[in-house]
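A.B. asks: I'm passing along entry_29.cif; it holds mmCIF, C-alpha atoms and all ligand atoms.
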data_coords
#
loop_
_atom_site.label_atom_id
_atom_site.label_comp_id
_atom_site.auth_asym_id
_atom_site.auth_seq_id
_atom_site.Cartn_x
_atom_site.Cartn_y
_atom_site.Cartn_z
CA MET A 1 5.79 -15.51 -10.05
CA ILE A 2 4.12 -12.47 -11.51
CA SER A 3 1.73 -12.54 -14.43
CA GLU A 4 3.16 -12.14 -17.90
CA SER A 5 1.00 -9.15 -18.71
CA LEU A 6 2.22 -7.31 -15.64
CA GLN A 7 5.79 -8.58 -15.95
CA LYS A 8 6.21 -7.05 -19.41
CA LYS A 9 6.60 -3.69 -17.75
CA THR A 10 9.43 -4.87 -15.49
CA THR A 11 12.15 -3.96 -17.95
CA ALA A 12 10.70 -0.50 -18.51
CA PHE A 13 10.13 0.54 -14.91
CA THR A 14 12.18 0.58 -11.75
CA LEU A 15 11.01 1.71 -8.35
CA GLU A 16 13.28 4.74 -8.67
CA ASN A 17 11.82 5.97 -11.93
CA ILE A 18 8.26 5.25 -10.82
CA ASN A 19 8.79 7.35 -7.70
CA SER A 20 10.49 10.07 -9.69
CA ARG A 21 7.53 10.41 -12.10
CA LEU A 22 5.11 10.14 -9.21
CA SER A 23 6.57 13.21 -7.56
CA ASP A 24 5.47 15.37 -10.52
CA CYS A 25 2.01 13.84 -10.93
CA ARG A 26 -0.93 16.25 -10.86
CA LYS A 27 -3.56 14.07 -12.52
CA CYS A 28 -6.17 14.41 -9.76
CA PRO A 29 -7.13 18.09 -9.44
CA ARG A 30 -9.30 17.55 -6.36
CA LEU A 31 -6.39 15.99 -4.47
CA VAL A 32 -3.86 18.52 -5.71
CA ASP A 33 -6.13 21.35 -4.51
CA TYR A 34 -6.79 19.64 -1.20
CA ILE A 35 -3.09 19.24 -0.42
CA ALA A 36 -2.33 22.78 -1.60
CA GLY A 37 -4.87 24.21 0.86
CA LEU A 38 -4.29 21.85 3.77
CA ALA A 39 -3.76 23.64 7.07
CA PRO A 40 -0.98 22.05 9.13
CA ARG A 41 -1.65 20.86 12.64
CA ASN A 42 -0.44 23.12 15.40
CA PRO A 43 2.38 23.83 16.10
CA MET A 44 3.68 22.72 12.68
CA SER A 45 4.08 24.82 9.56
CA ARG A 46 3.43 23.90 5.93
CA THR A 47 7.17 23.61 5.34
CA GLU A 48 7.23 20.66 7.74
CA TYR A 49 4.72 18.81 5.54
CA TRP A 50 5.60 16.63 2.52
CA ASN A 51 2.40 17.79 0.74
CA ALA A 52 2.94 15.76 -2.45
CA PRO A 53 2.32 12.25 -3.78
CA VAL A 54 3.75 9.78 -1.26
CA PRO A 55 5.95 7.12 -2.89
CA GLY A 56 6.06 3.51 -1.78
CA PHE A 57 9.10 2.29 0.12
CA GLY A 58 10.75 -0.89 1.28
CA ASP A 59 12.80 -3.85 0.13
CA PRO A 60 13.18 -3.96 -3.68
CA GLY A 61 13.59 -7.75 -3.41
CA ALA A 62 10.37 -8.06 -1.40
CA ARG A 63 8.18 -11.12 -1.73
CA VAL A 64 5.33 -9.27 0.01
CA LEU A 65 3.60 -6.03 -0.99
CA LEU A 66 1.30 -4.28 1.49
CA VAL A 67 -1.15 -1.85 -0.11
CA GLY A 68 -3.07 0.68 1.96
CA LEU A 69 -5.76 3.10 0.83
CA ALA A 70 -4.10 6.54 0.64
CA PRO A 71 -1.80 8.78 2.71
CA GLY A 72 -3.33 10.30 5.82
CA ALA A 73 -3.48 14.10 5.59
CA HIS A 74 -1.46 14.60 8.77
CA GLY A 75 0.37 11.26 8.69
CA ALA A 76 2.05 10.11 5.47
CA ASN A 77 1.21 13.39 3.74
CA ARG A 78 3.24 15.10 6.46
CA THR A 79 6.17 12.70 6.72
CA GLY A 80 6.35 11.54 3.08
CA ARG A 81 6.41 7.84 3.98
CA PRO A 82 3.37 5.50 3.95
CA PHE A 83 1.84 4.74 7.35
CA THR A 84 4.26 7.05 9.13
CA GLY A 85 3.13 9.71 11.57
CA ASP A 86 -0.36 8.43 12.25
CA GLY A 87 -2.27 5.87 14.31
CA ALA A 88 -2.44 3.28 11.51
CA GLY A 89 1.35 3.09 11.32
CA ASP A 90 1.82 3.30 15.10
CA PHE A 91 -0.32 0.17 15.31
CA MET A 92 1.14 -1.64 12.32
CA TYR A 93 4.92 -1.21 12.44
CA PRO A 94 5.52 -2.86 15.84
CA LEU A 95 3.58 -5.88 14.57
CA LEU A 96 5.51 -5.95 11.28
CA HIS A 97 8.67 -5.90 13.40
CA GLU A 98 7.40 -8.73 15.59
CA ALA A 99 6.66 -10.77 12.47
CA GLY A 100 10.15 -10.13 11.06
CA PHE A 101 9.15 -7.74 8.26
CA ALA A 102 10.69 -4.59 9.75
CA GLY A 103 14.12 -3.80 11.17
CA ARG A 104 12.61 -2.09 14.19
CA ALA A 105 9.25 -1.30 15.69
CA GLU A 106 8.88 2.36 14.76
CA SER A 107 8.86 4.37 11.53
CA ARG A 108 9.33 8.06 12.36
CA HIS A 109 10.33 9.96 9.21
CA ARG A 110 11.87 9.45 5.76
CA GLU A 111 15.47 9.81 6.92
CA ASP A 112 15.31 7.70 10.11
CA GLY A 113 17.16 4.69 8.66
CA PHE A 114 14.16 2.43 9.16
CA ARG A 115 14.22 -0.65 6.88
CA LEU A 116 11.61 -3.15 5.81
CA LYS A 117 12.60 -6.77 5.24
CA ASP A 118 11.06 -8.78 2.39
CA LEU A 119 8.26 -6.20 2.33
CA TYR A 120 7.35 -3.18 0.22
CA ILE A 121 4.59 -0.78 1.31
CA SER A 122 2.52 1.51 -0.86
CA ASN A 123 -0.99 2.89 -1.26
CA ALA A 124 -3.68 2.44 -3.90
CA VAL A 125 -3.93 6.24 -4.17
CA LYS A 126 -0.70 8.15 -3.59
CA CYS A 127 -2.10 11.57 -2.62
CA ALA A 128 -4.01 12.37 0.57
CA PRO A 129 -7.78 12.64 -0.06
CA PRO A 130 -10.26 14.73 1.93
CA GLY A 131 -11.82 12.64 4.68
CA ASN A 132 -9.59 9.67 3.75
CA ARG A 133 -11.99 8.93 0.90
CA PRO A 134 -10.59 8.79 -2.61
CA GLU A 135 -13.10 8.97 -5.45
CA ASN A 136 -13.38 6.21 -8.06
CA ALA A 137 -11.73 8.40 -10.69
CA GLU A 138 -8.74 8.89 -8.37
CA PHE A 139 -8.30 5.16 -7.88
CA THR A 140 -8.40 4.82 -11.64
CA GLN A 141 -5.90 7.62 -12.27
CA CYS A 142 -3.45 6.22 -9.74
CA ARG A 143 -3.80 2.52 -10.59
CA PRO A 144 -1.06 2.59 -13.27
CA PHE A 145 1.47 3.53 -10.56
CA LEU A 146 0.39 0.52 -8.49
CA GLU A 147 0.66 -1.68 -11.56
CA GLU A 148 4.16 -0.40 -12.22
CA GLU A 149 5.22 -0.97 -8.61
CA ILE A 150 4.01 -4.56 -8.83
CA ALA A 151 5.90 -5.05 -12.07
CA ALA A 152 9.06 -3.59 -10.52
CA LEU A 153 8.97 -6.15 -7.68
CA PRO A 154 9.87 -9.31 -9.57
CA GLY A 155 10.04 -11.55 -6.49
CA LEU A 156 6.51 -10.77 -5.39
CA GLN A 157 4.49 -13.71 -4.07
CA VAL A 158 1.85 -12.16 -1.79
CA ILE A 159 -0.11 -8.91 -1.93
CA LEU A 160 -1.72 -7.83 1.34
CA LEU A 161 -4.56 -5.41 0.68
CA LEU A 162 -5.68 -3.32 3.65
CA GLY A 163 -9.32 -2.36 3.41
CA GLN A 164 -12.01 -2.64 0.77
CA GLY A 165 -10.73 0.33 -1.27
CA ALA A 166 -7.26 -1.10 -1.88
CA PHE A 167 -8.69 -4.58 -2.38
CA SER A 168 -11.20 -3.44 -5.01
CA SER A 169 -8.65 -1.30 -6.83
CA TYR A 170 -6.32 -4.28 -7.21
CA LEU A 171 -9.18 -6.52 -8.36
CA ARG A 172 -10.04 -3.88 -10.97
CA LEU A 173 -6.46 -4.02 -12.22
CA LEU A 174 -6.66 -7.83 -12.50
CA LYS A 175 -9.97 -7.55 -14.33
CA ASP A 176 -8.68 -4.92 -16.74
CA LYS A 177 -5.72 -7.22 -17.50
CA GLY A 178 -8.06 -10.15 -18.15
CA ILE A 179 -6.56 -12.11 -15.23
CA ILE A 180 -9.94 -12.44 -13.49
CA GLU A 181 -13.40 -12.41 -15.04
CA LYS A 182 -15.59 -11.08 -12.26
CA MET A 183 -14.65 -9.02 -9.25
CA THR A 184 -17.65 -10.49 -7.42
CA ASP A 185 -15.88 -13.86 -7.41
CA PHE A 186 -13.50 -12.28 -4.87
CA PRO A 187 -15.56 -10.92 -1.95
CA PHE A 188 -13.71 -8.89 0.66
CA VAL A 189 -13.43 -11.09 3.75
CA HIS A 190 -10.84 -10.31 6.41
CA GLY A 191 -8.04 -12.87 6.34
CA ARG A 192 -9.19 -14.62 3.19
CA VAL A 193 -6.52 -15.67 0.69
CA TYR A 194 -7.14 -15.80 -3.05
CA GLN A 195 -4.94 -17.21 -5.78
CA PRO A 196 -5.85 -15.73 -9.18
CA SER A 197 -4.94 -17.79 -12.25
CA GLN A 198 -1.76 -15.74 -12.66
CA GLY A 199 0.46 -13.69 -10.40
CA PRO A 200 0.85 -13.29 -6.65
CA CYS A 201 -1.81 -14.49 -4.24
CA LEU A 202 -3.90 -11.88 -2.45
CA ILE A 203 -4.88 -11.59 1.14
CA ALA A 204 -7.62 -9.23 2.30
CA SER A 205 -7.43 -7.50 5.66
CA TYR A 206 -9.28 -4.82 7.49
CA HIS A 207 -7.34 -1.58 7.49
CA THR A 208 -5.23 -0.72 10.52
CA SER A 209 -6.89 2.70 10.77
CA ARG A 210 -7.28 4.34 14.15
CA TYR A 211 -11.07 4.01 13.75
CA ASN A 212 -10.87 0.26 13.16
CA ILE A 213 -8.56 -0.18 16.13
CA GLN A 214 -10.70 1.93 18.45
CA THR A 215 -13.86 0.07 17.46
CA GLY A 216 -12.19 -3.35 17.76
CA ARG A 217 -12.74 -4.23 14.12
CA MET A 218 -8.96 -4.68 13.87
CA THR A 219 -6.96 -6.06 16.80
CA THR A 220 -3.33 -6.93 17.42
CA GLU A 221 -4.18 -10.63 17.30
CA MET A 222 -6.06 -10.26 14.01
CA PHE A 223 -3.21 -8.45 12.28
CA LEU A 224 -0.58 -10.85 13.63
CA SER A 225 -2.70 -13.72 12.38
CA VAL A 226 -2.72 -12.19 8.88
CA LEU A 227 1.07 -11.82 9.01
CA GLU A 228 1.40 -15.41 10.17
CA LYS A 229 -0.72 -16.51 7.22
CA ILE A 230 1.62 -14.62 4.90
CA ARG A 231 4.63 -16.43 6.41
CA GLU A 232 2.88 -19.75 5.74
CA LEU A 233 2.18 -18.73 2.14
CA LEU A 234 5.84 -17.80 1.63
CA VAL A 235 6.99 -21.15 3.05
CA SER A 236 4.55 -23.12 0.93
CA GLY A 237 5.80 -21.14 -2.11
CA GLU A 238 9.38 -22.18 -1.28
CA ASN A 239 8.31 -25.82 -1.09
CA ARG A 240 6.58 -25.86 -4.45
S1 LIG B 1 -3.44 10.29 -6.59
FE1 LIG B 1 -1.97 9.33 -7.99
S2 LIG B 1 -2.70 9.84 -10.06
FE2 LIG B 1 -3.73 11.25 -8.60
S3 LIG B 1 -2.41 13.08 -8.55
FE3 LIG B 1 -1.75 11.74 -6.87
S4 LIG B 1 -0.08 10.51 -7.74
FE4 LIG B 1 -1.20 11.41 -9.46
#
Represent the structure of the file as structure tokens.
Ligand code: SF4
C.D. replies:
Amino acid sequence: MISESLQKKTTAFTLENINSRLSDCRKCPRLVDYIAGLAPRNPMSRTEYWNAPVPGFGDPGARVLLVGLAPGAHGANRTGRPFTGDGAGDFMYPLLHEAGFAGRAESRHREDGFRLKDLYISNAVKCAPPGNRPENAEFTQCRPFLEEEIAALPGLQVILLLGQGAFSSYLRLLKDKGIIEKMTDFPFVHGRVYQPSQGPCLIASYHTSRYNIQTGRMTTEMFLSVLEKIRELLVSGENR
């Protein structure tokens, strides 16, 4: 399923050891400083914030990987779980549940017993950036963790990339591995599916950010349609 060049790392990395090394990572000084100085939202205190790299989570046997941009400063950076504690997750998890990818409709905090089904969720950049905008160097620094996560999910068939930032970062990984020649052959178009010459297929989607929801760029119907497309891809993979 997964490309040979990425699969080589499977034996060396597990999700547990990736997340363990991630917790100590300080490779992006701008992000480390930002988190260190982040003021908590009233009435919370800093001790109620995760304030560290946010590891991916989900089903280790997942056939689907969802990749977001980066933890929200007062969402995932507070709770320590991707898309948890902010508007993007409040929108997304009920729809993942409706599509059968989540055990229930709400992710509240790391210890709430919430489970994903056939799905793993992570971010292209694991530390919260100022203004939700990682810099190119930060995508680059964090890309090896994404590569390792992909390698540690041997059943992977579909990668859902939310937003241009996550989409481009994954294309860069494919280009660096020699799996694609030109990133421009893969324009970001919401709902479009691509099958590179090796590895899982990709599907691009607008991000489920509060801004996109409020402006109507992303709607419930649009996200459910993307999830339906993923179900079809999984079924066609079973029939191959
Ligand atoms: S964004 Fe990634 S590479 Fe940068 S400090 Fe955080 S975990 Fe490390």
A.B. asks: Given a cut-off of 6 Å, what residues near ligand LIG 1 (chain B) show up using all atoms listed in the file, put as an MDAnalysis selection string?
C.D. replies: chainID A and resid 22 25:28 53 125:127 138 141:142
A.B. asks: The residues within 12 Å of (-0.9, 3.3, 3.7), using all atoms listed in the file and the coordinates of the file, should be reported as a VMD selection string; which are they?
C.D. replies: chain A and resid 54 to 57 65 to 73 75 to 77 80 to 90 92 to 93 120 to 128 132 160 to 163 165 to 166 207 to 209
A.B. asks: Smallest atom-to-atom distance to Glu147 (chain A): which of A:Arg210, A:Arg104, A:Arg41, A:Arg172, using only C-alpha atoms?
C.D. replies: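 Closest residue, counting only C-alpha atoms: A:Arg172.
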A.B. asks: Could you list, as a list in words, every residue within 8 Å of region 225-237 of chain A, counting all atoms listed in the file and ignoring same-chain residues fewer than 6 positions away?
C.D. replies: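 Neighbouring residues, sequence-local ones excluded: Arg63, Leu96, Ala99, Gln157, Val158, Gly191 and Ser205 of chain A.
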A.B. asks: I need the residue nearest Ser168 (chain A) from this list: A:Asp185, A:Glu16, A:Glu221, A:Glu149. Use only C-alpha atoms for the distance.
C.D. replies: A:Asp185
A.B. asks: From the list A:Leu15, A:Leu156, A:Met44, A:Leu31, which residue is nearest Ala137 (chain A) when using only C-alpha atoms?
C.D. replies: A:Leu31
A.B. asks: As an exercise, work out the distance from CA of Thr184 (chain A) to CA of Gln198 (chain A) in Å and give it to one decimal place.
C.D. replies: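 CA of Thr184 (chain A) sits 17.5 Å away from CA of Gln198 (chain A).
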A.B. asks: Using Å and a single decimal, report how far CA of Phe186 (chain A) sits from CA of Asn136 (chain A).
C.D. replies: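 Going from CA of Asn136 (chain A) over to CA of Phe186 (chain A) covers 18.8 Å.
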A.B. asks: Please, what distance in Å, to one decimal, runs between CA of Leu173 (chain A) and CA of Tyr194 (chain A)?
C.D. replies: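 These atoms are spaced 14.9 Å apart.
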A.B. asks: Which one of A:Pro94, A:Pro144, A:Pro40, A:Pro187 sits closest to Arg21 (chain A) if you count only C-alpha atoms?
C.D. replies: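 Result for the nearest residue to Arg21 (chain A): A:Pro144.
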A.B. asks: For a quick check of understanding, using only C-alpha atoms, which of A:Pro60, A:Leu174, A:Leu38, A:Glu98 has the smallest distance to His74 (chain A)?
C.D. replies: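 For His74 (chain A), the nearest of the given residues is A:Leu38.
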A.B. asks: So which one's closest to Gly113 (chain A), A:Arg78, A:Val64, A:Gly58, A:Thr14? Using all atoms listed in the file, please.
C.D. replies: A:Gly58
